[in-house]
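For reference, entry_15.pdb is printed below; it contains PDB, C-alpha atoms.
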ATOM      1  CA  MET A   1     -15.014 -22.173  48.163
ATOM      2  CA  SER A   2     -11.390 -21.758  48.990
ATOM      3  CA  LYS A   3      -9.234 -18.734  48.348
ATOM      4  CA  LYS A   4      -5.511 -18.278  48.047
ATOM      5  CA  SER A   5      -3.771 -14.968  48.668
ATOM      6  CA  TYR A   6      -0.142 -13.931  48.434
ATOM      7  CA  ARG A   7       1.261 -11.497  50.968
ATOM      8  CA  PHE A   8       4.521 -10.838  52.697
ATOM      9  CA  PHE A   9       4.540  -8.855  55.912
ATOM     10  CA  GLY A  10       8.059  -9.386  57.261
ATOM     11  CA  GLY A  11       8.372  -7.837  60.685
ATOM     12  CA  LEU A  12       5.053  -5.979  60.489
ATOM     13  CA  LEU A  13       3.301  -8.314  62.885
ATOM     14  CA  GLN A  14       0.388  -6.015  63.655
ATOM     15  CA  THR A  15      -0.258  -5.451  59.939
ATOM     16  CA  GLN A  16      -0.343  -9.201  59.392
ATOM     17  CA  SER A  17      -2.816  -9.878  62.175
ATOM     18  CA  ASN A  18      -4.956  -6.911  61.080
ATOM     19  CA  TRP A  19      -5.100  -8.365  57.574
ATOM     20  CA  LEU A  20      -6.018 -11.851  58.831
ATOM     21  CA  ASN A  21      -8.714 -10.352  61.045
ATOM     22  CA  LYS A  22     -10.089  -8.395  58.110
ATOM     23  CA  MET A  23     -10.176 -11.583  56.027
ATOM     24  CA  ALA A  24     -12.014 -13.375  58.857
ATOM     25  CA  GLU A  25     -14.519 -10.528  59.037
ATOM     26  CA  LYS A  26     -15.198 -11.057  55.345
ATOM     27  CA  GLY A  27     -15.743 -14.781  55.915
ATOM     28  CA  HIS A  28     -12.343 -16.278  55.113
ATOM     29  CA  ARG A  29     -10.827 -18.662  57.613
ATOM     30  CA  LEU A  30      -7.126 -19.486  57.403
ATOM     31  CA  VAL A  31      -6.437 -23.170  56.707
ATOM     32  CA  ARG A  32      -2.862 -23.268  55.423
ATOM     33  CA  THR A  33       0.185 -21.020  55.270
ATOM     34  CA  GLY A  34       3.183 -21.083  52.917
ATOM     35  CA  LYS A  35       6.215 -18.829  52.760
ATOM     36  CA  MET A  36       4.149 -16.101  51.094
ATOM     37  CA  SER A  37       0.797 -17.773  50.579
ATOM     38  CA  TYR A  38      -2.271 -17.949  52.734
ATOM     39  CA  GLU A  39      -5.082 -20.381  51.954
ATOM     40  CA  PHE A  40      -8.565 -19.709  53.236
ATOM     41  CA  GLU A  41     -11.862 -21.534  53.317
ATOM     42  CA  ASP A  42     -15.271 -19.944  53.624
ATOM     43  CA  CYS A  43     -16.699 -19.409  57.069
ATOM     44  CA  GLU A  44     -19.443 -17.371  58.670
ATOM     45  CA  PRO A  45     -18.131 -13.767  58.634
ATOM     46  CA  GLY A  46     -16.610 -12.741  61.953
ATOM     47  CA  THR A  47     -16.358 -16.235  63.424
ATOM     48  CA  TYR A  48     -12.630 -16.149  64.097
ATOM     49  CA  GLN A  49      -9.991 -13.803  65.464
ATOM     50  CA  TYR A  50      -6.254 -13.874  64.843
ATOM     51  CA  CYS A  51      -3.183 -12.920  66.781
ATOM     52  CA  ILE A  52       0.493 -13.103  65.797
ATOM     53  CA  GLU A  53       3.088 -14.218  68.310
ATOM     54  CA  PHE A  54       6.839 -13.787  67.851
ATOM     55  CA  ILE A  55       8.594 -16.917  69.132
ATOM     56  CA  ALA A  56      12.000 -16.849  67.419
ATOM     57  CA  GLU A  57      13.769 -16.382  70.750
ATOM     58  CA  LYS A  58      12.523 -19.781  71.938
ATOM     59  CA  SER A  59      14.311 -23.092  71.495
ATOM     60  CA  GLN A  60      12.607 -25.710  69.333
ATOM     61  CA  GLN A  61      11.413 -27.536  72.427
ATOM     62  CA  SER A  62      10.019 -24.512  74.217
ATOM     63  CA  ALA A  63       8.383 -23.307  70.987
ATOM     64  CA  GLN A  64       6.663 -26.686  70.625
ATOM     65  CA  GLN A  65       5.593 -26.672  74.260
ATOM     66  CA  TYR A  66       4.147 -23.205  73.896
ATOM     67  CA  LYS A  67       2.304 -24.167  70.696
ATOM     68  CA  GLN A  68       0.934 -27.251  72.441
ATOM     69  CA  PHE A  69      -0.222 -25.134  75.377
ATOM     70  CA  LEU A  70      -2.077 -22.736  73.069
ATOM     71  CA  GLU A  71      -3.704 -25.685  71.297
ATOM     72  CA  ASP A  72      -4.740 -27.166  74.640
ATOM     73  CA  VAL A  73      -6.362 -23.852  75.512
ATOM     74  CA  GLY A  74      -8.486 -24.390  72.411
ATOM     75  CA  TYR A  75      -6.778 -22.237  69.805
ATOM     76  CA  LYS A  76      -5.699 -23.281  66.341
ATOM     77  CA  VAL A  77      -2.030 -22.524  65.764
ATOM     78  CA  PHE A  78       0.086 -22.182  62.609
ATOM     79  CA  TYR A  79       3.826 -21.731  62.275
ATOM     80  CA  LYS A  80       4.893 -18.866  60.016
ATOM     81  CA  ASN A  81       8.193 -17.534  58.677
ATOM     82  CA  ILE A  82       9.105 -13.903  59.323
ATOM     83  CA  ASN A  83      11.730 -13.571  56.560
ATOM     84  CA  LEU A  84      11.862 -14.824  52.989
ATOM     85  CA  ASN A  85      14.589 -17.404  52.894
ATOM     86  CA  TYR A  86      14.438 -20.459  50.685
ATOM     87  CA  SER A  87      17.856 -21.904  51.434
ATOM     88  CA  ILE A  88      18.229 -25.483  52.591
ATOM     89  CA  GLY A  89      20.501 -26.442  55.436
ATOM     90  CA  LYS A  90      20.349 -23.001  56.960
ATOM     91  CA  VAL A  91      22.178 -22.593  60.243
ATOM     92  CA  ARG A  92      21.950 -19.271  61.985
ATOM     93  CA  TYR A  93      22.997 -18.039  65.386
ATOM     94  CA  ARG A  94      20.514 -15.864  67.229
ATOM     95  CA  PRO A  95      22.417 -14.020  69.980
ATOM     96  CA  TRP A  96      19.239 -12.305  71.146
ATOM     97  CA  ALA A  97      17.464 -15.590  71.829
ATOM     98  CA  GLU A  98      16.755 -17.064  75.277
ATOM     99  CA  LYS A  99      19.558 -18.335  77.518
ATOM    100  CA  GLY A 100      22.344 -16.391  75.852
ATOM    101  CA  GLY A 101      21.493 -17.217  72.269
ATOM    102  CA  ARG A 102      20.199 -20.111  70.194
ATOM    103  CA  ILE A 103      21.107 -21.744  66.946
ATOM    104  CA  ALA A 104      18.316 -21.932  64.401
ATOM    105  CA  THR A 105      18.346 -24.493  61.582
ATOM    106  CA  ASN A 106      15.844 -25.504  58.928
ATOM    107  CA  ALA A 107      15.059 -28.639  60.888
ATOM    108  CA  THR A 108      14.373 -26.743  64.095
ATOM    109  CA  THR A 109      13.231 -23.149  64.412
ATOM    110  CA  PHE A 110      14.313 -21.465  61.182
ATOM    111  CA  ASN A 111      11.350 -20.192  59.146
ATOM    112  CA  LYS A 112       9.132 -20.794  62.182
ATOM    113  CA  GLU A 113       9.649 -17.417  63.814
ATOM    114  CA  LEU A 114       5.957 -16.658  64.238
ATOM    115  CA  LEU A 115       2.826 -18.327  65.435
ATOM    116  CA  ILE A 116      -0.497 -17.387  63.911
ATOM    117  CA  VAL A 117      -3.067 -18.076  66.610
ATOM    118  CA  GLU A 118      -6.756 -18.443  65.798
ATOM    119  CA  LYS A 119      -9.516 -18.114  68.341
ATOM    120  CA  ARG A 120     -13.271 -18.415  67.997
ATOM    121  CA  ASN A 121     -14.625 -14.870  68.212
ATOM    122  CA  ASP A 122     -16.240 -14.237  71.590
ATOM    123  CA  GLY A 123     -16.688 -10.512  71.057
ATOM    124  CA  LYS A 124     -13.692  -9.594  73.192
ATOM    125  CA  PRO A 125     -10.331  -8.394  71.889
ATOM    126  CA  PHE A 126      -7.906 -11.258  71.378
ATOM    127  CA  GLU A 127      -4.706 -10.696  73.320
ATOM    128  CA  LEU A 128      -2.161 -13.262  74.406
ATOM    129  CA  HIS A 129      -0.295 -10.946  76.784
ATOM    130  CA  THR A 130      -2.356  -9.096  79.353
ATOM    131  CA  SER A 131      -0.326  -8.174  82.443
ATOM    132  CA  TYR A 132       2.075  -5.236  82.164
ATOM    133  CA  GLU A 133       5.008  -7.295  83.376
ATOM    134  CA  ASP A 134       4.404  -9.934  80.712
ATOM    135  CA  ARG A 135       3.786  -7.352  77.994
ATOM    136  CA  ILE A 136       7.103  -5.703  78.885
ATOM    137  CA  ALA A 137       8.908  -9.044  78.652
ATOM    138  CA  TYR A 138       7.276  -9.817  75.290
ATOM    139  CA  THR A 139       7.980  -6.349  73.876
ATOM    140  CA  LYS A 140      11.644  -6.833  74.771
ATOM    141  CA  THR A 141      11.793 -10.063  72.756
ATOM    142  CA  LEU A 142      10.372  -8.085  69.815
ATOM    143  CA  ARG A 143      12.863  -5.264  70.247
ATOM    144  CA  ASN A 144      16.081  -7.231  70.792
ATOM    145  CA  PRO A 145      16.648  -8.629  67.261
ATOM    146  CA  TRP A 146      16.236  -5.109  65.805
ATOM    147  CA  LEU A 147      18.516  -3.674  68.456
ATOM    148  CA  LEU A 148      21.234  -6.219  67.687
ATOM    149  CA  MET A 149      21.028  -5.679  63.923
ATOM    150  CA  ALA A 150      21.030  -1.916  64.315
ATOM    151  CA  ALA A 151      24.061  -2.065  66.620
ATOM    152  CA  LEU A 152      25.957  -4.361  64.236
ATOM    153  CA  PHE A 153      25.343  -2.083  61.252
ATOM    154  CA  LEU A 154      26.342   0.929  63.293
ATOM    155  CA  ILE A 155      29.624  -0.693  64.319
ATOM    156  CA  LEU A 156      30.231  -1.751  60.716
ATOM    157  CA  ALA A 157      29.557   1.787  59.509
ATOM    158  CA  ILE A 158      31.967   3.288  62.001
ATOM    159  CA  VAL A 159      34.738   0.706  61.629
ATOM    160  CA  GLN A 160      34.605   0.524  57.835
ATOM    161  CA  LYS A 161      33.585   4.159  57.426
ATOM    162  CA  LEU A 162      30.797   3.098  55.067
ATOM    163  CA  TRP A 163      27.977   5.590  55.159
ATOM    164  CA  PRO A 164      25.375   3.291  53.442
ATOM    165  CA  MET A 165      25.793   0.967  56.440
ATOM    166  CA  GLY A 166      25.087   3.965  58.639
ATOM    167  CA  ILE A 167      21.846   4.625  56.806
ATOM    168  CA  ILE A 168      20.790   1.015  57.272
ATOM    169  CA  ALA A 169      21.667   1.311  60.959
ATOM    170  CA  VAL A 170      19.521   4.425  61.289
ATOM    171  CA  LEU A 171      16.605   2.667  59.560
ATOM    172  CA  LEU A 172      17.000  -0.336  61.852
ATOM    173  CA  PHE A 173      16.851   1.929  64.877
ATOM    174  CA  ILE A 174      13.325   3.053  63.906
ATOM    175  CA  PRO A 175      11.611  -0.172  65.098
ATOM    176  CA  VAL A 176      13.900  -0.161  68.149
ATOM    177  CA  LEU A 177      12.649   3.314  69.059
ATOM    178  CA  LEU A 178       9.013   2.354  68.478
ATOM    179  CA  TYR A 179       9.313  -0.670  70.777
ATOM    180  CA  GLN A 180      11.248   1.446  73.265
ATOM    181  CA  ARG A 181       8.410   3.946  73.359
ATOM    182  CA  GLU A 182       5.951   1.116  73.977
ATOM    183  CA  LEU A 183       8.198  -0.182  76.777
ATOM    184  CA  ALA A 184       8.367   3.238  78.420
ATOM    185  CA  LYS A 185       4.576   3.496  78.301
ATOM    186  CA  LEU A 186       4.131   0.032  79.815
ATOM    187  CA  SER A 187       6.731   0.621  82.530
ATOM    188  CA  LYS A 188       4.945   3.778  83.568
ATOM    189  CA  LEU A 189       1.643   1.931  83.810
ATOM    190  CA  ALA A 190       3.299  -0.936  85.673
ATOM    191  CA  LYS A 191       4.453   1.403  88.431
ATOM    192  CA  THR A 192       1.032   1.479  90.011
ATOM    193  CA  ARG A 193      -0.920  -1.329  88.400
ATOM    194  CA  GLU A 194      -0.347  -4.923  87.537
ATOM    195  CA  TRP A 195      -2.587  -5.091  84.447
TER     196      TRP A 195
ATOM    197  CA  MET B   1      11.727 -28.795 100.583
ATOM    198  CA  GLY B   2      14.456 -26.837 102.337
ATOM    199  CA  GLY B   3      13.651 -24.535 105.221
ATOM    200  CA  GLY B   4      15.970 -21.958 103.705
ATOM    201  CA  CYS B   5      14.001 -21.923 100.490
ATOM    202  CA  LEU B   6      10.766 -21.394 102.376
ATOM    203  CA  HIS B   7      12.361 -18.671 104.434
ATOM    204  CA  ASP B   8      13.425 -16.868 101.273
ATOM    205  CA  SER B   9       9.909 -17.036  99.944
ATOM    206  CA  TYR B  10       8.566 -15.882 103.270
ATOM    207  CA  LYS B  11      10.624 -12.727 103.042
ATOM    208  CA  GLY B  12       9.669 -12.352  99.403
ATOM    209  CA  GLY B  13       6.653 -10.189 100.178
ATOM    210  CA  ALA B  14       3.519  -9.724  98.127
ATOM    211  CA  LEU B  15       2.486 -11.942  95.253
ATOM    212  CA  THR B  16       1.036 -10.421  92.135
ATOM    213  CA  GLU B  17      -2.671 -10.963  91.735
ATOM    214  CA  VAL B  18      -2.107 -13.066  88.602
ATOM    215  CA  MET B  19       0.338 -15.370  90.400
ATOM    216  CA  PHE B  20      -1.898 -15.714  93.456
ATOM    217  CA  TYR B  21      -4.955 -16.588  91.369
ATOM    218  CA  VAL B  22      -3.052 -19.157  89.303
ATOM    219  CA  LEU B  23      -1.745 -20.662  92.537
ATOM    220  CA  LEU B  24      -5.268 -20.800  93.978
ATOM    221  CA  ALA B  25      -6.634 -22.355  90.791
ATOM    222  CA  THR B  26      -4.240 -25.285  91.188
ATOM    223  CA  PHE B  27      -5.530 -26.273  94.636
ATOM    224  CA  THR B  28      -7.619 -28.542  92.419
ATOM    225  CA  PRO B  29      -5.575 -30.031  89.550
ATOM    226  CA  ARG B  30      -6.362 -27.978  86.436
ATOM    227  CA  HIS B  31      -5.040 -27.584  82.927
ATOM    228  CA  GLY B  32      -4.379 -24.229  81.288
ATOM    229  CA  TYR B  33      -7.829 -23.540  79.943
ATOM    230  CA  ALA B  34      -9.459 -24.580  83.229
ATOM    231  CA  ILE B  35      -7.187 -22.134  85.086
ATOM    232  CA  MET B  36      -8.272 -19.334  82.743
ATOM    233  CA  GLN B  37     -11.932 -20.214  83.269
ATOM    234  CA  PHE B  38     -11.511 -20.465  87.031
ATOM    235  CA  ILE B  39      -9.973 -17.004  87.265
ATOM    236  CA  GLU B  40     -12.496 -15.419  84.936
ATOM    237  CA  GLU B  41     -15.373 -16.975  86.860
ATOM    238  CA  LYS B  42     -14.057 -16.130  90.326
ATOM    239  CA  THR B  43     -13.366 -12.504  89.417
ATOM    240  CA  GLY B  44     -16.614 -12.076  87.521
ATOM    241  CA  GLY B  45     -14.666 -11.396  84.333
ATOM    242  CA  ARG B  46     -12.609  -8.630  85.923
ATOM    243  CA  LEU B  47      -9.342 -10.503  85.447
ATOM    244  CA  GLU B  48      -9.037 -12.128  82.045
ATOM    245  CA  LEU B  49      -5.679 -13.707  81.464
ATOM    246  CA  GLY B  50      -4.164 -13.899  78.012
ATOM    247  CA  ALA B  51      -2.892 -17.377  77.208
ATOM    248  CA  GLY B  52       0.682 -16.128  76.831
ATOM    249  CA  THR B  53       0.611 -14.421  80.212
ATOM    250  CA  LEU B  54      -0.861 -17.528  81.813
ATOM    251  CA  TYR B  55       1.803 -19.694  80.183
ATOM    252  CA  GLY B  56       4.513 -17.454  81.635
ATOM    253  CA  ALA B  57       2.901 -17.513  85.079
ATOM    254  CA  ILE B  58       2.596 -21.316  85.076
ATOM    255  CA  ASN B  59       6.251 -21.711  84.060
ATOM    256  CA  THR B  60       7.395 -19.271  86.724
ATOM    257  CA  LEU B  61       5.413 -21.030  89.453
ATOM    258  CA  ALA B  62       6.589 -24.467  88.296
ATOM    259  CA  LYS B  63      10.205 -23.277  88.289
ATOM    260  CA  LYS B  64       9.773 -22.043  91.865
ATOM    261  CA  ASN B  65       8.288 -25.440  92.679
ATOM    262  CA  TRP B  66       5.068 -23.871  93.971
ATOM    263  CA  ILE B  67       3.055 -25.911  91.480
ATOM    264  CA  GLU B  68       3.874 -29.129  89.630
ATOM    265  CA  PRO B  69       2.531 -31.006  86.615
ATOM    266  CA  CYS B  70       0.431 -33.971  87.662
ATOM    267  CA  GLY B  71      -1.378 -36.967  86.255
ATOM    268  CA  GLU B  72      -0.650 -38.935  83.121
ATOM    269  CA  ASP B  73       0.660 -36.742  80.389
ATOM    270  CA  GLN B  74      -0.046 -38.943  77.386
ATOM    271  CA  GLY B  75      -2.500 -37.490  74.942
ATOM    272  CA  ARG B  76      -4.091 -35.436  77.646
ATOM    273  CA  LYS B  77      -3.776 -31.801  78.494
ATOM    274  CA  LYS B  78      -1.111 -31.114  81.065
ATOM    275  CA  GLU B  79      -2.589 -30.485  84.502
ATOM    276  CA  TYR B  80      -0.983 -28.596  87.355
ATOM    277  CA  ARG B  81      -1.389 -28.959  91.091
ATOM    278  CA  VAL B  82      -0.165 -26.836  93.997
ATOM    279  CA  THR B  83       2.798 -28.261  95.930
ATOM    280  CA  GLU B  84       3.191 -28.284  99.711
ATOM    281  CA  LEU B  85       5.483 -25.271  99.400
ATOM    282  CA  GLY B  86       2.973 -23.481  97.166
ATOM    283  CA  ARG B  87       0.238 -24.120  99.705
ATOM    284  CA  ARG B  88       2.284 -22.473 102.458
ATOM    285  CA  ILE B  89       3.075 -19.510 100.226
ATOM    286  CA  ALA B  90      -0.638 -19.115  99.519
ATOM    287  CA  GLU B  91      -1.454 -19.258 103.248
ATOM    288  CA  GLN B  92       1.112 -16.561 103.993
ATOM    289  CA  GLU B  93      -0.328 -14.436 101.225
ATOM    290  CA  LEU B  94      -3.808 -14.856 102.682
ATOM    291  CA  GLN B  95      -2.497 -13.631 106.054
ATOM    292  CA  ARG B  96      -0.861 -10.652 104.403
ATOM    293  CA  LEU B  97      -4.000  -9.743 102.504
ATOM    294  CA  ARG B  98      -6.139 -10.111 105.635
ATOM    295  CA  GLY B  99      -3.872  -7.620 107.372
ATOM    296  CA  LEU B 100      -4.091  -5.288 104.412
ATOM    297  CA  THR B 101      -7.885  -5.412 104.110
ATOM    298  CA  GLN B 102      -8.183  -4.859 107.845
ATOM    299  CA  VAL B 103      -6.107  -1.698 107.724
ATOM    300  CA  ALA B 104      -7.913  -0.549 104.597
ATOM    301  CA  GLY B 105     -11.271  -1.251 106.256
ATOM    302  CA  GLU B 106     -10.318   0.761 109.336
ATOM    303  CA  ILE B 107      -9.157   3.725 107.321
ATOM    304  CA  ILE B 108     -11.685   3.797 104.515
ATOM    305  CA  GLY B 109     -14.415   2.705 106.858
ATOM    306  CA  GLY B 110     -17.167   0.133 106.900
ATOM    307  CA  ASN B 111     -17.063  -2.753 104.509
ATOM    308  CA  THR B 112     -14.796  -2.652 101.521
ATOM    309  CA  HIS B 113     -16.449  -1.055  98.554
ATOM    310  CA  GLU B 114     -15.296   0.646  95.385
TER     311      GLU B 114
END
Structure encoded using C-alpha cells:
Amino acid sequence: MSKKSYRFFGGLLQTQSNWLNKMAEKGHRLVRTGKMSYEFEDCEPGTYQYCIEFIAEKSQQSAQQYKQFLEDVGYKVFYKNINLNYSIGKVRYRPWAEKGGRIATNATTFNKELLIVEKRNDGKPFELHTSYEDRIAYTKTLRNPWLLMAALFLILAIVQKLWPMGIIAVLLFIPVLLYQRELAKLSKLAKTREW
Amino acid sequence: MGGGCLHDSYKGGALTEVMFYVLLATFTPRHGYAIMQFIEEKTGGRLELGAGTLYGAINTLAKKNWIEPCGEDQGRKKEYRVTELGRRIAEQELQRLRGLTQVAGEIIGGNTHE
C-alpha cells in the first residue's frame, strides 16, 4: 500500500524531519518527493530514520559529491526544495553561498536546497554533524541566508522609510537570533571539548 | 612536498581527535563508511562520527594533502590513503601524545584511568 501526503515546511527543517520520522514510526517509508508531495510505501514500523540537511550554499558539483558520499556510506538520499517556486529558467544569486556566493539555476541547484537522508534505524539518534566545530560551521550556513534577508529588509525599511519592510526585517531576525543562540551554546561547549 | 610546508605543520600543534582518527584510518586505504566503522570499533563506540562531520574532515585532510583519493574511481566508492606528509604529521602527533600521557601519568599517578 502506498500513501501520498501533501505538506510544506519551508525553512522549518526540524519540523520536516520530525514529521518524516513520525511517518516512519507508523510504518511509512519515503519513496518519492515532489514540490509539496511526499509518497510513501509500507514498511515495518520504525525501520528507518530521517535527517534533513541544508545544502543550498554548495555548488552543484559539491552538492552532488556530498550526496554521493552519503549514498556510499549507505544512506538513501533525496533532493528537496525549501521554497515553493514553480518558475522555469530561474536564475538566482546566493551571496551567502560558499566561495563568495553562487548562482543557482533550475538546471543546477535551484529547488534542490535540501537533502532528505534516510538511514536504517540502529537505535541510535541520527545525526550528520557530531563535532562542535562542524556543528558550528553547519549552523552558520543555516543562519546566513536569514541574516542576509533580514539585513536587506532592514536597509530597505530605513532607506525607503517603509515600516512594513521593517516588520518583515524584524520577523526575519527571529530565526537569526535562534541560530545565534545555538551558536553561542556550541561555542561555549567547544571551549573545552571537541564533541 | 616542500620542507616549508612540513615545517608549518610541525608548528601547527595538536590535532583534533577526529582528524587524528581519520588520518589513522587511512593508513590502510578506506572509503567513508569503512573509516566510520574503523573509528567506532577502535574507540569502542565512544567516538561516533556523523557522516557530514566525516565528510568535512576528509575534505580538510585532502586539501592539506595529508590524505589522497586512491584506486580506480569508476563505479566504486572513493577510497582514501594517507600521504607521506600525513604519515609524518601522524608520527609527530604520536610523539606529542606520548609526552602528554607521560606527564598526565606522573601527575595523576599509576596507569591512566578514568
Could the residues of chain B that have an atom at most 6 Å from chain A be listed as CSV, each with its closest atom pair and the distance in Å to one decimal, counting only C-alpha atoms and ordered by chain and ascending residue number?
residue,atom,partner,partner_atom,distance
B:Tyr33,CA,A:Val73,CA,4.7
B:Gly50,CA,A:Leu128,CA,4.2
B:Ala51,CA,A:Leu128,CA,5.0
B:Gly52,CA,A:Leu128,CA,4.7
B:Thr53,CA,A:His129,CA,5.0
Excluding same-chain residues fewer than 3 positions from Phe110 (chain A), what lies within 10 Å of it counting all atoms listed in the file, as a PyMOL selection string? chain A and resi 56+60+80-83+85+89-92+103-107+113
Separation of CA of Met165 (chain A) and CA of Phe153 (chain A), in Å?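 Separating CA of Met165 (chain A) from CA of Phe153 (chain A) is a distance of 5.7 Å.
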Counting all atoms listed in the file, note down every residue that has an atom within 6 Å of the point (-4.5, -28.2, 85.5) (file coordinates), as a ChimeraX atom specification. /B:29-32,79-80
Can I get the selection written as a PDB file, in the frame of the given file, with C-alpha atoms?
ATOM      1  CA  PRO B  29      -5.575 -30.031  89.550  1.00  0.00           C
ATOM      2  CA  ARG B  30      -6.362 -27.978  86.436  1.00  0.00           C
ATOM      3  CA  HIS B  31      -5.040 -27.584  82.927  1.00  0.00           C
ATOM      4  CA  GLY B  32      -4.379 -24.229  81.288  1.00  0.00           C
ATOM      5  CA  GLU B  79      -2.589 -30.485  84.502  1.00  0.00           C
ATOM      6  CA  TYR B  80      -0.983 -28.596  87.355  1.00  0.00           C
TER       7      TYR B  80
END
On this file, the PyMOL selection byres ((chain A and resi 12) around 12) gives some set of residues; write that set as a list in words.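 Written out, the selection comes to Arg7, Phe8, Phe9, Gly10, Gly11, Leu13, Gln14, Thr15, Gln16, Ser17, Asn18, Trp19, Ile52, Glu53, Phe54, Ile82, Asn83, Leu114, Leu142 and Pro175 of chain A.
Nearest to Ser59 (chain A) of all the residues A:Ser87, A:Thr47, A:Thr108, A:Asn144 is A:Thr108, based on only C-alpha atoms.
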Reference answer for the PyMOL selection byres ((chain B and resi 28) around 12), as JSON, numbers by chain: {"B": [22, 23, 24, 25, 26, 27, 29, 30, 31, 34, 35, 38, 67, 68, 69, 70, 79, 80, 81, 82, 83, 87]}
In Å to one decimal, how far is CA of Trp146 (chain A) from CA of Glu98 (chain A)? 15.3 Å
Specify as a list of chain:residue names each residue included when the PyMOL selection byres ((chain A and resi 151) around 12) is applied to this file. A:Asn144, A:Pro145, A:Trp146, A:Leu147, A:Leu148, A:Met149, A:Ala150, A:Leu152, A:Phe153, A:Leu154, A:Ile155, A:Leu156, A:Ala157, A:Ile158, A:Met165, A:Gly166, A:Ile168, A:Ala169, A:Val170, A:Leu171, A:Leu172, A:Phe173, A:Val176
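Distances from B:Lys64, B:Leu49, B:Asn59, B:Lys42 to Val18 (chain B) were compared using all atoms listed in the file, and the smallest one belongs to B:Leu49.
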Spatial neighbours of Pro125 (chain A), max dist 9 Å, only C-alpha atoms, sep filter under 3 positions, as a short mmCIF file (atom, residue, chain, number, x, y, z; two decimals) with C-alpha atoms, in the coordinates of the input:
data_model
loop_
_atom_site.label_atom_id
_atom_site.label_comp_id
_atom_site.auth_asym_id
_atom_site.auth_seq_id
_atom_site.Cartn_x
_atom_site.Cartn_y
_atom_site.Cartn_z
CA GLN A 49 -9.99 -13.80 65.46
CA ASN A 121 -14.62 -14.87 68.21
CA ASP A 122 -16.24 -14.24 71.59
#
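Atom pair CA of Arg102 (chain A) / CA of Tyr38 (chain A) has a distance of 28.5 Å (rounded to one decimal).
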Around all of region 80-86 of chain B's listed atoms, make the axis-aligned box with 3 Å on each side and tell me centre and edge lengths in Å to one decimal, as JSON.
{"center_x": 2.0, "center_y": -26.2, "center_z": 93.5, "size_x": 12.9, "size_y": 11.5, "size_z": 18.4}
Using all atoms listed in the file, find the one residue out of A:Tyr86, A:Ser5, A:Ser62, A:Lys124 that sits nearest to Tyr48 (chain A).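 Looking at the shortest contact to Tyr48 (chain A), the residue is A:Lys124.
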B:Trp66, B:Gly13, B:Ile39, B:Gly56 ranked by distance to Arg88 (chain B), top pick (using all atoms listed in the file):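 Nearest to Arg88 (chain B): B:Trp66.
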Polymer residues at most 9 Å from region 177-181 of chain A, all atoms listed in the file, same-chain spacing of 5 or more positions, as a compact mmCIF listing (two decimals) with C-alpha atoms, keeping the file's coordinate frame:
# COMPACT_ATOMS: atom_id res chain seq x y z
CA THR A 139 7.98 -6.35 73.88
CA LYS A 140 11.64 -6.83 74.77
CA LEU A 142 10.37 -8.09 69.82
CA ARG A 143 12.86 -5.26 70.25
CA LEU A 186 4.13 0.03 79.82
From the set B:Gln102, B:Ala57, B:Leu94, B:Tyr21, which residue has the shortest atom-to-atom contact distance to Glu40 (chain B), counting all atoms listed in the file? B:Tyr21
